[in-house]
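Student: Here it is: the structure, laid out below.
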Protein chains: 2
Amino acid sequence: MPATLKIEVARSSAAEQVAAALRQSIMLAELQPGTPLTETAVATAAEVARSTARQALQLLVNQGLLVHQRNRGARVVTPSERDVRDVYRTREILETAGILAWPQAPLEAHQSVALATERLQDAAAEQDWETLSDRDMGFHASIVGLLASPRLDGLFANLSTEVQFYAALLYVGNREREDPLAVSADHTAIYEAMREGEINQALQLTRSLLRTNLDLLTAILRRRGWNEC
Amino acid sequence: MPATLKIEVARSSAAEQVAAALRQSIMLAELQPGTPLTETAVATAAEVARSTARQALQLLVNQGLLVHQRNRGARVVTPSERDVRDVYRTREILETAGILAWPQAPLEAHQSVALATERLQDAAAEQDWETLSDRDMGFHASIVGLLASPRLDGLFANLSTEVQFYAALLYVGNREREDPLAVSADHTAIYEAMREGEINQALQLTRSLLRTNLDLLTAILRRRGWNEC
DNA sequence: CCCTATCGGATTGTTGGACAACCCTCCAAT
DNA sequence: ATTGGAGGGTTGTCCAACAATCCGATAGGG
């Protein structure tokens with residue numbers, strides 16, 4: 001057997017599958033913020049034992065999609081303005097550091113960013129918002145990947161799901177979205193700036209992109225009055 | 001009742017207590033790297049049910065002190081050189097960003113750094129290595145605190161326990177350590193550089209401090225041949 | 001009328017036991 | 001030398017029960 005052959009077997013426990021299903025429901029806003037998820041309810045809904053449901057809930061708590069209070073159960077997180085701000089602050093720090101690391105990053109990482117850019121452009125051509133959102137975060141993840149730190153990659157993966165959660169919330173019943181081509185163009189500009197060595201410009205573009213998104217989010221959040229709960 | 005009064009009740013579940021005890025044992029190197037921790041063994045040792053032990057183990061896995069393989073249980077992590085490098089890389093990124101944020105940070109955060117510096121100096125006066133290590137990481141945590149991001153604070157808290165774990169491993173049976181006063185002085189210098197607005201110097205001092213520590217760690221790790229497992 | 005105390009419902013936290021699924025090692029057979 | 005069980009051990013999941021805790025409502029005291 002060639003040493004390079006590597007096969008990933010998708011082994012996932014029942015708890016993980018339940019968690020995935022719940023995450024899906026949360027992302028699709030079938031489960032609105034604040035909805036309590038009792039262990040027994042999840043258990044019966046998923047046809048698993050309460051202990052398994054319990055574990056699934058804990059997984060989602062670790063991912064920041066649920067909040068848990070001792071002896072009071074878990075509920076879908078209600079994103080406060082502060083939470084959103086923190087997520088974007090973290091993104092800014094990580095992505096800024098990533099861009100600054102571009103010059104020292106290995107070729108592999110550079111190619112990864114290039115690939116992510118291409119995939120985003122492809123998604124923009126079609127009109128599938130779900131994959132566009134995935135590719136969008138994929139691009140940013142590849143930038144964080146320039147830091148070559150599995151740890152930070154993991155942290156950013158968590159952030160991504162939360163960002164997508166927020167984005168999904170925003171666009172519930174709000175079918176007017178940004179122009180996918182514009183999204184693609186913005187990101188392509190960042191990539192090309194880095195490739196041309198214009199690090200500062202890439203920084204500026206990224207910061208303004210994040211700021212714009214954050215402002216959009218907070219504006220809508222405020223309009224809905226989800227500031228505190 | 002004054003609105004500012006805030007009382008934290010130390011409510012901790014059984015699983016958390018078991019996890020804390022295990023963490024203690026791991027930190028004290030009573031449980032050497034690679035030691036398998038079976039659920040039943042932990043359960044009987046802690047006199048709790050297996051499910052509780054299981055939960056405790058998962059907590060430690062989340063903190064990076066144990067590695068878990070499906071159907072094969074958990075064991076104490078064997079720090080590879082790559083792991084250590086990643087931890088320090090992450091620290092460098094976070095702390096660098098923190099120092100850069102000093103000028104924009106609120107007074108509160110500044111005071112927090114000042115306090116951490118003082119506490120470190122106090123600890124250096126005595127010869128208690130455990131509190132010195134705590135205060136040391138406390139100082140760095142306060143720097144990350146300049147970023148005003150609870151998320152990154154949480155990430156750094158995790159890193160701290162791992163760093164202390166590594167440090168504990170290093171010094172097992174190796175009683176010659178750094179001079180506490182030198183440690184204190186190094187950190188004080190960083191604080192004062194920031195306070196005086198010499199951000200670049202603070203950056204340089206921090207980087208060199210981290211590099212030195214990392215080199216020390218990797219050297220000893222290599223000597224012990226724990227590179228891979 | 002307001003404050004306090006107590007009670008009951010609901011949910012989680014923890015337990016103990018049971019069984020299936022799975023992985024590893026060892027050994028035999030091809 | 002590779003393949004294919006057999007066996008032992010551990011985890012993954014389930015179930016049923018009880019204790020601990022929290023919430024809200026309701027009743028009693030100032």
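Labeling convention for the structure tokens: chains A, B, ... as they appear, residues from 1 per chain, ligands from 1 in order of appearance.
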Give me, as a tab-separated table (two decimals) with N, CA and C atoms, in the first residue's frame, the contact residues of chain A against chain C at a cut-off of 10 Å, counting only C-alpha atoms (C1' of nucleotides).
Tutor:
```
chain	number	residue	atom	x	y	z
A	38	THR	N	-35.06	20.84	26.00
A	38	THR	CA	-34.93	19.94	27.14
A	38	THR	C	-34.36	18.61	26.67
A	39	GLU	N	-33.66	17.96	27.56
A	39	GLU	CA	-33.01	16.71	27.20
A	39	GLU	C	-34.03	15.68	26.76
A	40	THR	N	-35.12	15.58	27.51
A	40	THR	CA	-36.11	14.56	27.16
A	40	THR	C	-36.75	14.86	25.81
A	54	ARG	N	-28.33	14.32	25.85
A	54	ARG	CA	-27.56	15.19	26.75
A	54	ARG	C	-26.19	15.50	26.17
A	69	GLN	N	-27.56	26.55	31.39
A	69	GLN	CA	-27.55	26.97	32.79
A	69	GLN	C	-27.80	25.75	33.66
A	70	ARG	N	-27.01	25.65	34.68
A	70	ARG	CA	-27.08	24.47	35.53
A	70	ARG	C	-28.49	24.25	36.07
A	71	ASN	N	-28.94	23.05	35.93
A	71	ASN	CA	-30.26	22.64	36.40
A	71	ASN	C	-31.40	23.37	35.68
A	72	ARG	N	-31.06	24.08	34.64
A	72	ARG	CA	-32.12	24.79	33.93
A	72	ARG	C	-32.10	24.51	32.44
A	73	GLY	N	-31.18	23.69	32.04
A	73	GLY	CA	-31.23	23.24	30.67
A	73	GLY	C	-30.56	24.16	29.67
```
Student: Quick check: residues of chain B within 12 Å of chain A, only C-alpha atoms, returned as a VMD selection string.
Tutor: chain B and resid 10 to 13 51 to 52 54 to 55 58 to 59 62 to 64 69 to 71 82 to 98 100 to 101 144 147 to 156 158 to 159
Student: Just C-alpha atoms for this one: save the residues we selected as a compact mmCIF listing (two decimals), in the first residue's frame.
Tutor:
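Output (selection-v3.txt):
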```
# COMPACT_ATOMS: atom_id res chain seq x y z
CA ALA B 10 -18.99 28.10 43.44
CA ARG B 11 -21.37 25.57 42.01
CA SER B 12 -19.51 22.77 40.40
CA SER B 13 -20.84 19.48 39.26
CA SER B 51 -21.13 8.22 33.18
CA THR B 52 -19.85 10.93 35.48
CA ARG B 54 -16.93 9.80 31.26
CA GLN B 55 -18.08 13.38 31.38
CA GLN B 58 -14.51 14.69 28.03
CA LEU B 59 -13.95 17.95 29.85
CA ASN B 62 -11.75 19.66 25.54
CA GLN B 63 -8.98 21.30 27.51
CA GLY B 64 -6.36 19.45 25.53
CA GLN B 69 -9.73 7.85 20.31
CA ARG B 70 -13.07 6.38 19.54
CA ASN B 71 -13.62 3.07 21.27
CA ARG B 82 4.70 20.30 17.08
CA ASP B 83 2.09 20.76 19.79
CA VAL B 84 4.38 22.89 21.88
CA ARG B 85 5.32 24.94 18.89
CA ASP B 86 1.68 25.48 18.04
CA VAL B 87 0.87 26.59 21.54
CA TYR B 88 3.65 29.12 21.52
CA ARG B 89 2.79 30.27 18.03
CA THR B 90 -0.74 30.92 19.20
CA ARG B 91 0.52 32.72 22.26
CA GLU B 92 2.72 34.91 20.14
CA ILE B 93 -0.15 35.85 17.89
CA LEU B 94 -2.52 36.62 20.71
CA GLU B 95 -0.08 38.49 22.87
CA THR B 96 1.30 40.45 19.97
CA ALA B 97 -2.20 41.54 19.08
CA GLY B 98 -2.82 42.40 22.73
CA LEU B 100 -0.70 46.37 19.77
CA ALA B 101 -4.11 47.03 21.27
CA VAL B 144 -4.58 39.17 25.96
CA LEU B 147 -8.10 42.74 23.22
CA ALA B 148 -11.36 42.92 25.15
CA SER B 149 -12.55 39.68 23.66
CA PRO B 150 -14.03 37.13 26.07
CA ARG B 151 -13.59 34.50 23.40
CA LEU B 152 -9.88 34.99 23.09
CA ASP B 153 -9.62 35.22 26.86
CA GLY B 154 -11.20 31.79 27.03
CA LEU B 155 -8.88 30.40 24.41
CA PHE B 156 -5.91 31.77 26.26
CA ASN B 158 -6.99 26.91 27.87
CA LEU B 159 -3.55 27.62 26.53
```
Student: If DSSP is run on the backbone, what residues of stretch 13-80 of chain A are strand (DSSP E or B)? A reply as a list in words would be ideal.
Tutor: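 Matching residues, listed in order: Pro36, Leu37, Leu66, Val67, His68, Gln69, Gly73, Ala74, Arg75 and Val76 of chain A.
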Student: Let me see the file: selected residues, N, CA and C atoms, as a PDB file, in the first residue's frame.
Tutor:
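That gives us result-v5.pdb:
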```pdb
ATOM      1  N   PRO A  36     -36.124  26.736  24.354  1.00  0.00           N
ATOM      2  CA  PRO A  36     -35.506  25.783  25.282  1.00  0.00           C
ATOM      3  C   PRO A  36     -35.461  24.398  24.667  1.00  0.00           C
ATOM      4  N   LEU A  37     -34.351  23.729  24.844  1.00  0.00           N
ATOM      5  CA  LEU A  37     -34.202  22.357  24.359  1.00  0.00           C
ATOM      6  C   LEU A  37     -34.006  21.443  25.564  1.00  0.00           C
ATOM      7  N   LEU A  66     -25.710  26.874  21.710  1.00  0.00           N
ATOM      8  CA  LEU A  66     -26.653  26.797  22.826  1.00  0.00           C
ATOM      9  C   LEU A  66     -26.007  27.399  24.058  1.00  0.00           C
ATOM     10  N   VAL A  67     -26.845  27.924  24.921  1.00  0.00           N
ATOM     11  CA  VAL A  67     -26.344  28.352  26.225  1.00  0.00           C
ATOM     12  C   VAL A  67     -26.945  27.416  27.264  1.00  0.00           C
ATOM     13  N   HIS A  68     -26.164  27.150  28.261  1.00  0.00           N
ATOM     14  CA  HIS A  68     -26.574  26.162  29.246  1.00  0.00           C
ATOM     15  C   HIS A  68     -26.502  26.759  30.645  1.00  0.00           C
ATOM     16  N   GLN A  69     -27.564  26.547  31.390  1.00  0.00           N
ATOM     17  CA  GLN A  69     -27.552  26.965  32.789  1.00  0.00           C
ATOM     18  C   GLN A  69     -27.799  25.747  33.655  1.00  0.00           C
ATOM     19  N   GLY A  73     -31.183  23.691  32.045  1.00  0.00           N
ATOM     20  CA  GLY A  73     -31.235  23.239  30.673  1.00  0.00           C
ATOM     21  C   GLY A  73     -30.558  24.163  29.674  1.00  0.00           C
ATOM     22  N   ALA A  74     -30.702  23.798  28.425  1.00  0.00           N
ATOM     23  CA  ALA A  74     -30.057  24.534  27.343  1.00  0.00           C
ATOM     24  C   ALA A  74     -31.117  25.193  26.477  1.00  0.00           C
ATOM     25  N   ARG A  75     -30.736  26.299  25.896  1.00  0.00           N
ATOM     26  CA  ARG A  75     -31.630  26.946  24.952  1.00  0.00           C
ATOM     27  C   ARG A  75     -30.817  27.547  23.816  1.00  0.00           C
ATOM     28  N   VAL A  76     -31.479  27.766  22.717  1.00  0.00           N
ATOM     29  CA  VAL A  76     -30.796  28.338  21.569  1.00  0.00           C
ATOM     30  C   VAL A  76     -30.306  29.732  21.942  1.00  0.00           C
TER      31      VAL A  76
END
```
Student: For stretch 201-214 of chain A, find every residue with an atom within 7 Å (counting only C-alpha atoms (C1' of nucleotides)), except residues of its own chain fewer than 3 positions away, and show them as a ChimeraX atom specification.
Tutor: /A:88,92,96,99,190,193-194,198,217-218
Student: Export, as an mmCIF file, in the first residue's frame, the selected residues with N, CA and C atoms.
Tutor:
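As written to disk, out_8.cif reads:
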```cif
data_model
loop_
_atom_site.group_PDB
_atom_site.id
_atom_site.type_symbol
_atom_site.label_atom_id
_atom_site.label_comp_id
_atom_site.auth_asym_id
_atom_site.auth_seq_id
_atom_site.Cartn_x
_atom_site.Cartn_y
_atom_site.Cartn_z
ATOM 1 N N TYR A 88 -16.813 39.308 15.747
ATOM 2 C CA TYR A 88 -16.145 40.042 14.668
ATOM 3 C C TYR A 88 -14.821 40.619 15.113
ATOM 4 N N GLU A 92 -11.411 39.793 13.269
ATOM 5 C CA GLU A 92 -10.497 40.823 12.803
ATOM 6 C C GLU A 92 -9.075 40.530 13.267
ATOM 7 N N THR A 96 -6.384 39.551 10.522
ATOM 8 C CA THR A 96 -5.298 40.512 10.409
ATOM 9 C C THR A 96 -3.953 39.823 10.570
ATOM 10 N N ILE A 99 -3.145 37.737 7.471
ATOM 11 C CA ILE A 99 -2.663 38.502 6.319
ATOM 12 C C ILE A 99 -1.220 38.944 6.534
ATOM 13 N N ILE A 190 -9.016 41.112 -2.141
ATOM 14 C CA ILE A 190 -8.138 40.854 -0.992
ATOM 15 C C ILE A 190 -7.038 39.877 -1.383
ATOM 16 N N ALA A 193 -4.505 41.504 -3.681
ATOM 17 C CA ALA A 193 -3.638 42.443 -2.964
ATOM 18 C C ALA A 193 -2.524 41.685 -2.249
ATOM 19 N N MET A 194 -2.885 40.596 -1.608
ATOM 20 C CA MET A 194 -1.859 39.815 -0.915
ATOM 21 C C MET A 194 -0.857 39.263 -1.916
ATOM 22 N N GLU A 198 0.790 43.658 -1.621
ATOM 23 C CA GLU A 198 0.205 44.879 -1.039
ATOM 24 C C GLU A 198 -0.499 44.524 0.266
ATOM 25 N N LEU A 217 -25.098 43.562 10.524
ATOM 26 C CA LEU A 217 -25.655 42.650 11.517
ATOM 27 C C LEU A 217 -26.245 43.410 12.693
ATOM 28 N N THR A 218 -25.471 44.316 13.262
ATOM 29 C CA THR A 218 -25.939 45.011 14.455
ATOM 30 C C THR A 218 -27.168 45.845 14.148
#
```
Student: Suppose you want the space between atom CA of B:Leu221 and atom CA of B:Asp128; what is it in Å?
Tutor: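 Between atom CA of B:Leu221 and atom CA of B:Asp128 the gap works out to 24.2 Å.
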Student: Write out as a PyMOL selection string all residues of stretch 37-181 of chain A that DSSP puts in helix (DSSP H, G or I) for this structure's backbone.
Tutor: chain A and resi 39-46+50-62+81-104+107-125+129-145+150-170+180-181
Student: Suppose you want the space between atom CA of B:Leu146 and atom CA of B:Glu192; what is it in Å?
Tutor: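 Those two atoms sit 15.1 Å apart.
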Student: Dump as number ranges by chain the residues of chain D that approach chain B to within 8 Å, counting only C-alpha atoms (C1' of nucleotides).
Tutor: D: 10-12
Student: Got time to write the residues from that selection, C-alpha atoms (C1' of nucleotides), as a JSON list (two decimals), in the first residue's frame?
Tutor:
```json
[["chain", "number", "residue", "atom", "x", "y", "z"],
["D", 10, "DT", "C1'", -13.11, -0.70, 26.45],
["D", 11, "DT", "C1'", -16.24, 2.38, 24.85],
["D", 12, "DG", "C1'", -20.98, 3.68, 23.01]]
```
Student: What's the 8 Å shell around A:Ala114, counting only C-alpha atoms (C1' of nucleotides), without same-chain residues fewer than 4 positions away, as a list of chain:residue names?
Tutor: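 Using only C-alpha atoms (C1' of nucleotides), the neighbours found are A:His110, A:Glu118, A:Tyr191.
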